[in-house]
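First up is the structure itself, then whatever we jot down about it.
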Amino acid sequence: MSETVRRRTLLAATIACGLLASASAALAQSYPNRPIRAIVPFAAGSATDIVARTFADQMTKTLGQSIVIENRPGANGLIGADAVAKATPDGYTILIGTNSTNAAAPALFNNVPFDMNKDFQPVSFLSSVPLIVAVPNSVPVRTLRELIDYAKGRTDLTFASASASQRVSTEMLMAMTGMKMTHVFYRSGPNAMQDLIAGRVTLFTADLGVMLPQVRGNTVRPLAVTSQQRSAQVPDLPTVDEAAGTKGYELIAWFALFAPAGVPAEVVTKLNAAVRAAAAAPEVRTALGDNLGMVIAPSSPDELAARVVAEAAKWAEAARVAGIEKQ
């Protein structure tokens, strides 16, 4: 290659990079100029869905564009999360991720179709919530200790799950108390709840968003919360440690906003600002905090990135303690 040709090639490449950067900057400055698609990797009516719709309603006020919720349940959230990981990184497709999709997946599955750290751009933490351990009203126990005694020597008991947090929380409980139950996987939390109410499964551990309406309606019997402290929404309900005599049991579900890796920094900044404004709105505080016992805690993108790393280690240890083999 002659020196002249080499210089022309370098000049063309420089111009191309400049044009690409200019286009990216222009995109970010005009963002958003059309509706945003927020993929929820769990079914309608799930806690993730409730969080997504509650935040989306308020974020639209800041962004000036609607956020359209698209539920893509399946494979413990991996189907929906993978769709975002492979989406165009322009800020018009975002993920309402959870501990299942963005922390626990590598500890539970051999073939996760995305890399949590490389394929997503963290935007902001949204909220967290403990879970409630519950049984059908037809099961003749009123405390977790009674359930542990009731389960001794039995082989006909089952537990439901539709997400990593629901499964791991119950597997941990069984490992720490000696209970034996057969796992029944459900495509969605609401479907699992229906079978719990009907007495078709023995136990279901789900977040307050899914469980509280049933607890308040007396359609299921709550036994304990999975946090280290009691919940203000059900203050009379003991923690697992209190109820079962265990030490150090804790497992909390959480929700966060992610975009595909490579999205412009200016877009991340705008989305983060919209999350913070929504988190401060009384409507969000009432719907998620007061009514469902969630802790609302927006964060910076860097804080969420660090949290994902820490949570992945935590969930890997939880899966190890529970004795869960990767699928």
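Ordering of the structure tokens sets the chain letters (A, B, ...); residue numbers start at 1 within each chain; ligands are numbered from 1 in the order shown.
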
- Item | Surrounding residues of Tyr186 of chain A excluding itself and chain neighbours under 5 positions, 8 Å, only C-alpha atoms, as a ChimeraX atom specification | /A:160-162,191-192

Can you pull out every residue within 7 Å of Ala164 of chain A, counting only C-alpha atoms, but drop anything in the same chain fewer than 3 positions away, and send it as a PDB file with C-alpha atoms, in the first residue's frame?
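After the write, part12.pdb holds the following:
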```
ATOM      1  CA  ASN A  76     -37.099 -17.857  34.584  1.00  0.00           C
ATOM      2  CA  SER A 100     -33.428 -13.754  38.644  1.00  0.00           C
ATOM      3  CA  ALA A 104     -28.939 -15.576  39.927  1.00  0.00           C
ATOM      4  CA  ARG A 167     -37.197 -21.330  44.028  1.00  0.00           C
ATOM      5  CA  VAL A 168     -33.928 -20.524  45.797  1.00  0.00           C
TER       6      VAL A 168
END
```

- So which residues touch Ser163 of chain A within 12 Å, counting only C-alpha atoms, skipping near sequence neighbours fewer than 4 positions away, as a PyMOL selection string? chain A and resi 41-43+46-48+73-78+98-101+104-105+108+167-170+184-190+192+204-207+253-254

- Ala107 of chain A: which residues within 12 Å, counting only C-alpha atoms, same-chain residues fewer than 3 positions away excluded, as a PyMOL selection string? chain A and resi 99-104+110-112+116+164-165+168+311-327

Writer output for current selection, N, CA, C and O atoms, as a compact mmCIF listing (two decimals), in the first residue's frame:
```txt
# COMPACT_ATOMS: atom_id res chain seq x y z
N ASN A 99 -33.32 -9.90 40.23
CA ASN A 99 -32.27 -10.78 40.74
C ASN A 99 -32.24 -12.09 39.95
O ASN A 99 -31.18 -12.71 39.80
N SER A 100 -33.38 -12.52 39.43
CA SER A 100 -33.43 -13.75 38.64
C SER A 100 -32.65 -13.62 37.35
O SER A 100 -31.85 -14.49 36.99
N THR A 101 -32.87 -12.52 36.63
CA THR A 101 -32.24 -12.35 35.32
C THR A 101 -30.84 -11.77 35.40
O THR A 101 -29.99 -12.09 34.57
N ASN A 102 -30.57 -10.93 36.39
CA ASN A 102 -29.32 -10.18 36.41
C ASN A 102 -28.45 -10.45 37.63
O ASN A 102 -27.58 -9.65 37.98
N ALA A 103 -28.66 -11.60 38.26
CA ALA A 103 -27.78 -12.00 39.37
C ALA A 103 -27.72 -13.51 39.53
O ALA A 103 -26.65 -14.10 39.59
N ALA A 104 -28.89 -14.15 39.59
CA ALA A 104 -28.94 -15.58 39.93
C ALA A 104 -28.76 -16.51 38.74
O ALA A 104 -28.40 -17.68 38.92
N ASN A 110 -26.89 -23.64 33.05
CA ASN A 110 -25.62 -23.86 32.34
C ASN A 110 -25.52 -23.02 31.07
O ASN A 110 -24.44 -22.61 30.68
N ASN A 111 -26.64 -22.78 30.43
CA ASN A 111 -26.61 -22.11 29.13
C ASN A 111 -27.38 -20.80 29.16
O ASN A 111 -28.42 -20.66 28.51
N VAL A 112 -26.90 -19.85 29.91
CA VAL A 112 -27.51 -18.52 29.93
C VAL A 112 -27.16 -17.83 28.61
O VAL A 112 -25.98 -17.74 28.25
N MET A 116 -24.36 -11.20 31.85
CA MET A 116 -24.97 -10.15 32.66
C MET A 116 -24.13 -8.88 32.70
O MET A 116 -24.66 -7.77 32.74
N ALA A 164 -36.35 -17.38 40.03
CA ALA A 164 -35.19 -17.82 40.80
C ALA A 164 -35.35 -17.51 42.28
O ALA A 164 -35.02 -18.34 43.14
N SER A 165 -35.85 -16.32 42.61
CA SER A 165 -35.99 -15.96 44.02
C SER A 165 -36.98 -16.88 44.72
O SER A 165 -36.76 -17.29 45.86
N VAL A 168 -35.10 -20.47 44.91
CA VAL A 168 -33.93 -20.52 45.80
C VAL A 168 -34.33 -20.28 47.25
O VAL A 168 -33.80 -20.91 48.16
N GLU A 311 -24.42 -9.10 44.08
CA GLU A 311 -25.59 -9.96 44.15
C GLU A 311 -25.35 -11.30 43.45
O GLU A 311 -25.85 -12.34 43.89
N ALA A 312 -24.60 -11.29 42.37
CA ALA A 312 -24.29 -12.55 41.68
C ALA A 312 -23.54 -13.49 42.62
O ALA A 312 -23.82 -14.70 42.67
N ALA A 313 -22.59 -12.94 43.39
CA ALA A 313 -21.84 -13.76 44.35
C ALA A 313 -22.76 -14.26 45.45
O ALA A 313 -22.68 -15.42 45.89
N LYS A 314 -23.66 -13.40 45.92
CA LYS A 314 -24.60 -13.77 46.98
C LYS A 314 -25.52 -14.90 46.54
O LYS A 314 -25.75 -15.87 47.27
N TRP A 315 -26.05 -14.78 45.30
CA TRP A 315 -26.98 -15.80 44.82
C TRP A 315 -26.27 -17.11 44.50
O TRP A 315 -26.85 -18.19 44.65
N ALA A 316 -25.03 -17.02 44.08
CA ALA A 316 -24.25 -18.24 43.85
C ALA A 316 -24.08 -19.00 45.15
O ALA A 316 -24.20 -20.24 45.20
N GLU A 317 -23.81 -18.27 46.24
CA GLU A 317 -23.66 -18.90 47.55
C GLU A 317 -25.00 -19.46 48.03
O GLU A 317 -25.06 -20.56 48.60
N ALA A 318 -26.09 -18.73 47.78
CA ALA A 318 -27.41 -19.22 48.18
C ALA A 318 -27.76 -20.51 47.46
O ALA A 318 -28.28 -21.46 48.06
N ALA A 319 -27.44 -20.58 46.17
CA ALA A 319 -27.71 -21.79 45.39
C ALA A 319 -26.86 -22.95 45.91
O ALA A 319 -27.30 -24.10 45.95
N ARG A 320 -25.62 -22.63 46.33
CA ARG A 320 -24.74 -23.67 46.87
C ARG A 320 -25.30 -24.21 48.18
O ARG A 320 -25.36 -25.44 48.38
N VAL A 321 -25.71 -23.32 49.07
CA VAL A 321 -26.28 -23.73 50.35
C VAL A 321 -27.53 -24.57 50.14
O VAL A 321 -27.76 -25.56 50.84
N ALA A 322 -28.33 -24.16 49.16
CA ALA A 322 -29.57 -24.89 48.89
C ALA A 322 -29.34 -26.21 48.17
O ALA A 322 -30.26 -27.03 48.04
N GLY A 323 -28.11 -26.42 47.69
CA GLY A 323 -27.80 -27.66 46.99
C GLY A 323 -28.43 -27.77 45.62
O GLY A 323 -28.77 -28.87 45.16
N ILE A 324 -28.61 -26.65 44.94
CA ILE A 324 -29.27 -26.64 43.65
C ILE A 324 -28.24 -26.93 42.55
O ILE A 324 -27.21 -26.26 42.47
N GLU A 325 -28.51 -27.91 41.74
CA GLU A 325 -27.64 -28.22 40.59
C GLU A 325 -28.09 -27.40 39.38
O GLU A 325 -29.29 -27.24 39.14
N LYS A 326 -27.13 -26.93 38.61
CA LYS A 326 -27.47 -26.15 37.42
C LYS A 326 -28.24 -26.99 36.43
O LYS A 326 -28.01 -28.19 36.28
N GLN A 327 -29.17 -26.35 35.76
CA GLN A 327 -29.98 -27.05 34.76
C GLN A 327 -29.48 -26.77 33.36
O GLN A 327 -28.92 -25.72 33.10
```

- Message: Counting only C-alpha atoms, which residue out of A:Ile252, A:Val40, A:Leu126, A:Leu257 sits closest to Arg285 of chain A?
- Response: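 Among the listed residues, A:Leu126 lies closest to Arg285 of chain A.
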
- Item | Which residue of A:Ile69, A:Pro32, A:Phe109, A:Val234 approaches Val51 of chain A most closely, using only C-alpha atoms |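 The shortest atom-to-atom distance to Val51 of chain A comes from A:Ile69.
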
- Task: Pick out the residues sitting within 7 Å of Leu144 of chain A, and hand them over as a ChimeraX atom specification; count only C-alpha atoms, and ignore anything fewer than 6 positions along from it in its own chain.
- Result: /A:223-224,243-244

Pull N, CA, C and O atoms from the residues just selected and write them as a PDB file, in the first residue's frame.
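Printed below is selection-v2.pdb as written:
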```pdb
ATOM      1  N   LEU A 223     -46.704 -17.790  56.794  1.00  0.00           N
ATOM      2  CA  LEU A 223     -45.967 -18.372  57.914  1.00  0.00           C
ATOM      3  C   LEU A 223     -44.764 -17.537  58.341  1.00  0.00           C
ATOM      4  O   LEU A 223     -44.404 -17.523  59.515  1.00  0.00           O
ATOM      5  N   ALA A 224     -44.116 -16.843  57.395  1.00  0.00           N
ATOM      6  CA  ALA A 224     -42.914 -16.079  57.735  1.00  0.00           C
ATOM      7  C   ALA A 224     -42.519 -15.182  56.576  1.00  0.00           C
ATOM      8  O   ALA A 224     -42.949 -15.387  55.434  1.00  0.00           O
ATOM      9  N   ALA A 243     -39.178 -17.847  63.184  1.00  0.00           N
ATOM     10  CA  ALA A 243     -40.194 -18.896  63.133  1.00  0.00           C
ATOM     11  C   ALA A 243     -39.619 -20.301  63.115  1.00  0.00           C
ATOM     12  O   ALA A 243     -40.216 -21.228  63.659  1.00  0.00           O
ATOM     13  N   ALA A 244     -38.449 -20.458  62.475  1.00  0.00           N
ATOM     14  CA  ALA A 244     -37.891 -21.806  62.303  1.00  0.00           C
ATOM     15  C   ALA A 244     -36.675 -22.071  63.179  1.00  0.00           C
ATOM     16  O   ALA A 244     -36.186 -23.204  63.216  1.00  0.00           O
TER      17      ALA A 244
END
```

- Item | Shortest interatomic distance to Gly80 of chain A - which of A:Ala38, A:Leu63, A:Ile132, A:Val225, counting only C-alpha atoms | A:Ala38

- Query: Which one of A:Val123, A:Ala277, A:Val201, A:Ala175 sits closest to Val135 of chain A if you count only C-alpha atoms?
  - Reply: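 Closest to Val135 of chain A of all the choices is A:Val201.
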
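If you look at atom CA of Pro89 of chain A and atom CA of Gly64 of chain A, they are 19.8 Å away from each other.
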
- Note on the structure: Counting only C-alpha atoms, closest pick from A:Leu173, A:Ala306, A:Ala281, A:Ala287 relative to Gln58 of chain A is A:Ala281

- Message: Could you list, as a count of residues only, every residue within 12 Å of Lys180 of chain A, counting only C-alpha atoms and ignoring same-chain residues fewer than 3 positions away?
- Response: 25

- For Asp290 of chain A, the nearest of the candidates A:Thr269, A:Asn218, A:Gln166, A:Ser231, counting only C-alpha atoms: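 Using only C-alpha atoms, the shortest distance to Asp290 of chain A belongs to A:Ser231.
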
- Task: Name the residues of segment 131-327 of chain A that come out as strand (DSSP E or B) in a backbone DSSP run; write them as an NGL selection string.
- Result: :A and (131-136 or 158-161 or 182-185 or 203-207 or 220-225 or 239 or 252-260 or 295-296)

- Message: I need the residues in segment 20-247 of chain A that are helix (DSSP H, G or I) according to DSSP; give them as a PyMOL selection string.
- Response: chain A and resi 20-30+47-63+75-85+99-108+144-151+164-177+189-198+208-216+240-244

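Coordinates place atom CA of Gln65 of chain A at a distance of 7.0 Å from atom CA of Asn33 of chain A.
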
Using 10 Å as the limit and counting only C-alpha atoms, can you tabulate each residue of segment 73-126 of chain A that touches segment 271-275 of chain A, with its shortest atom-to-atom distance in Å and the two atoms involved, as a Markdown table?
```
| residue | atom | partner | partner_atom | distance |
| --- | --- | --- | --- | --- |
| A:Gly91 | CA | A:Leu271 | CA | 8.4 |
| A:Ile94 | CA | A:Leu271 | CA | 9.7 |
| A:Pro122 | CA | A:Asn272 | CA | 9.5 |
| A:Val123 | CA | A:Asn272 | CA | 5.8 |
| A:Ser124 | CA | A:Asn272 | CA | 5.9 |
| A:Phe125 | CA | A:Val275 | CA | 8.7 |
| A:Leu126 | CA | A:Val275 | CA | 7.6 |
```

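Take atom CA of Glu303 of chain A and atom CA of Pro130 of chain A: the distance between them is 20.9 Å.
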